[in-house]
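So the structure is just underneath, and the comments pick up after that.
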Amino acid sequence: MFDRGTRHRGTSRPGVPAQVVPTRQVSAPRISVSGVAILIVGIALLASPGRTHAQRGGGGGHGMPTGAGAGTGLGSGVSTKDDLKDFHQAMAVQATDEQRAAFAKIAQYTQAASDRLKAFRDLSQKVPASSPLSDRATTLNQAIEQARAGNHNFLASFSSKQKSGLKDIAKKLEKADSDLDKQVKALDQIVQIVQTSKSDAESIASSAASLDKELASFQDVQLALGREMGILLSTDGQDLTFNLPKVTNSITVAGHPVSIQASGAVSRQSTGTPAENGLNLFTLKLTADLSEVQQNITVILRSKLTRSPRCGERLEIQQATLTPLAPASLVVARVHLERWVCPPGQEPMEVAAGDGTIEVKLTPSVEQKAGLGLISEITRVDAERFLRDLLRSGDLGDTLRQQIAASVLSTLQKGTDLKATLPPAAQQSATLQKAQFQDAGAGQLSLLIEAQLQLSDEQTQQFAAQLKQPQSAQAKPAP
């Protein structure tokens with residue numbers, strides 16, 4: 001990095017060139033016009049070091065100012081061993097506009113090959129010795145070959161300074177390409193053998209898994225090369241999307257395990273709505289499958305609401321259902337209430353009992369500090385005798401309404417924790433925006449959660465790396 005803590009005046013130290021000091025009376029400058037331009041750019045980079053955090057490389061030249069001193073990239077008053085050396089090296093390997101466009105295309109080719117490989121592996125598990133498998137293998141080979149050819153052409157486009165500054169990572173990419181080619185040929189041989197002999201195709205699955213590993217390695221090194229060259233994918237802010245893998249959160253209610261599966265996507269918002277602090281704005285859409293919550297809603301409510309004191313009101317949840325009523329949900333609970341009194345010196349006596357049904361509508365809400373909430377409303381009461389009034393207008397109905405909402409909310413909060421769903425790079429930046437219940441079909445209930453993420457360029461790259469998704473591995477371009 002640059003040294004901000006050392007300043008020199010005049011030529012008080014032998015061998016150290018004089019540098020301009022901000023005073024009211026300044027002698028004639030000793031650096032050229034291009035040197036001033038370089039220093040200005042260097043100061044700008046110091047103001048935002050995060051923009052060059054992932055850019056390293058060798059020797060100066062490409063993309064530097066023209067004019068006096070442009071041949072070396074240095075002004076007459078700047079030493080070749082000064083603190084801007086790293087800056088010159090990073091600038092030397094920066095991609096041209098043509099290279100940026102070409103890299104975006106080969107990244108698409110590689111991702112397409114990865115998708116084809118996934119489809120091939122899925123098919124091989126279902127019909128390992130069928131004709132479509134051979135056809136898929138041919139299609140897969142074509143996709144990988146297209147990605148490799150594009151990669152070769154891209155490396156061939158390097159300038160001499162790019163070849164020098166990127167030689168180490170270019171060698172890694174060439175090795176990854178060679179390993180990928182070997183694994184493609186190995187899979188081809190196995191497919192041909194299985195097609196001919198109709199023998200056990202477990203070897204195909206093993207070979208395809210090895211190919212998947214080599215392709216992922218090739219993809220990782222390819223993206224690392226792009227970062228070294230300052231290539232930023234999805235610069236329009238609209239195609240940058242992360243697909244979140246399924247995460248299962250399990251909780252235990254009264255000894256019963258309840259699982260909630262959640263999956264979704266994170267997409268970067270349009271550049272027309274930047275964050276105040278200059279961070280990248282992302283929208284998270286997460287869908288949680290609540291089918292197991294529905295199956296266990298009786299257990300959930302019974303564990304929270306049932307009470308059996310020696311004297312007073314004894315309440316039991318006999319049965320409950322939870323159904324979609326988008327954007328809300330509806331809880332229907334059948335309850336049994338008993339009133340017991342304890343006369344002095346006598347055993348407790350039951351003085352009244354009744355059965356009834358209460359329906360409570362639950363509508364998700366979002367509060368800035370509290371986060372996810374549920375607004376509850378009694379929509380219908382069907383009960384006998386004294387219980388009807390207690391549920392409709394008495395304290396019992398209001399208490400049940402609140403307890404039902406609290407029980408369901410507690411389950412949802414534990415099962416849809418964003419920290420358990422998001423990779424570490426984004427866990428602290430999620431702000432809940434919206435939530436609503438949905439009908440997933442056939443009466444299955446799901447919860448849609450929308451949140452906003454604010455990530456720096458470095459966090460965005462970490463986020464992509466943790467998800468292993470190349471289409472999201474780049475940040476928006478630096479000025």
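Identifiers for the structure tokens are assigned positionally: chains receive A, B, ... in sequence, residues are indexed from 1 per chain, and ligands are indexed from 1 in the order shown.
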Q) Got a sec: who's within 7 Å of segment 379-383 of chain A, counting only C-alpha atoms, leaving out chain neighbours fewer than 2 positions off, as a list in words? A)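 Non-adjacent residues within range: Asp355, Gly356, Thr357, Ile358, Glu359, Val360, Lys361, Glu377, Arg385, Leu387, Arg388, Leu391 and Arg392 of chain A.
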Would you write out those residues with C-alpha atoms, as a short mmCIF file (atom, residue, chain, number, x, y, z; two decimals), in the first residue's frame?
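Okay, selection04.cif is ready:
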```
data_model
loop_
_atom_site.label_atom_id
_atom_site.label_comp_id
_atom_site.auth_asym_id
_atom_site.auth_seq_id
_atom_site.Cartn_x
_atom_site.Cartn_y
_atom_site.Cartn_z
CA ASP A 355 -66.41 -26.93 23.35
CA GLY A 356 -65.93 -24.38 20.64
CA THR A 357 -64.08 -23.39 17.49
CA ILE A 358 -62.21 -20.13 16.94
CA GLU A 359 -60.83 -18.87 13.63
CA VAL A 360 -57.94 -16.43 13.68
CA LYS A 361 -56.62 -14.66 10.58
CA GLU A 377 -57.89 -11.04 13.97
CA ARG A 385 -73.37 -21.80 25.88
CA LEU A 387 -68.04 -20.34 25.92
CA ARG A 388 -69.48 -18.46 22.96
CA LEU A 391 -64.54 -16.30 22.87
CA ARG A 392 -66.39 -13.51 21.08
#
```
Q) With only C-alpha atoms as the basis for distance, which of A:Ser124, A:Ser303, A:Ser217, A:Ser160 is at the shortest distance from Ala205 of chain A? A)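 Result for the nearest residue to Ala205 of chain A: A:Ser124.
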Q. Contacts of segment 438-451 of chain A at 7 Å or less, counting only C-alpha atoms, minus same-chain residues fewer than 6 places along, as a list in words?
A. Thr283, Leu284, Lys285, Leu286, Thr287, Ala288, Asp289, Leu290, Ser291, Thr323, Pro324, Ala326, Pro327, Ala430, Thr431 and Leu432 of chain A
Can those selected residues be exported to a file as a JSON list (two decimals), in the first residue's frame so that it contains C-alpha atoms?
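Saved as again_30.json:
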```
[["chain", "number", "residue", "atom", "x", "y", "z"],
["A", 283, "THR", "CA", -33.03, -7.44, -3.08],
["A", 284, "LEU", "CA", -33.49, -10.78, -1.35],
["A", 285, "LYS", "CA", -36.58, -12.88, -2.10],
["A", 286, "LEU", "CA", -36.80, -15.92, 0.13],
["A", 287, "THR", "CA", -39.56, -18.55, 0.04],
["A", 288, "ALA", "CA", -40.09, -20.79, 3.07],
["A", 289, "ASP", "CA", -42.01, -24.06, 2.78],
["A", 290, "LEU", "CA", -44.40, -24.25, 5.75],
["A", 291, "SER", "CA", -45.95, -27.62, 4.96],
["A", 323, "THR", "CA", -54.36, -22.92, 5.71],
["A", 324, "PRO", "CA", -53.42, -20.28, 3.13],
["A", 326, "ALA", "CA", -53.03, -15.13, 0.76],
["A", 327, "PRO", "CA", -51.54, -12.75, 1.66],
["A", 430, "ALA", "CA", -30.08, -7.89, 5.68],
["A", 431, "THR", "CA", -32.98, -5.56, 6.42],
["A", 432, "LEU", "CA", -36.47, -7.07, 6.27]]
```
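Each of A:Met229, A:Ala333, A:Ala353, A:Ala262 was checked against Ser250 of chain A using only C-alpha atoms; the smallest atom-to-atom distance is that of A:Ala262.
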(Q) Neighbouring residues of Gln403 of chain A were defined as those with any atom within 8 Å, considering only C-alpha atoms; residues of the same chain fewer than 4 positions away were excluded. Please report them as a list in words. (A)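 Residues meeting the cut-off are Lys304, Leu305, Thr399 and Ser407 of chain A.
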Restricted to C-alpha atoms, what would the selected residues look like written as a short mmCIF file (atom, residue, chain, number, x, y, z; two decimals), in the first residue's frame?
```
data_model
loop_
_atom_site.label_atom_id
_atom_site.label_comp_id
_atom_site.auth_asym_id
_atom_site.auth_seq_id
_atom_site.Cartn_x
_atom_site.Cartn_y
_atom_site.Cartn_z
CA LYS A 304 -48.14 -23.27 24.01
CA LEU A 305 -51.82 -22.86 24.88
CA THR A 399 -55.95 -14.17 24.97
CA SER A 407 -46.96 -19.42 18.80
#
```
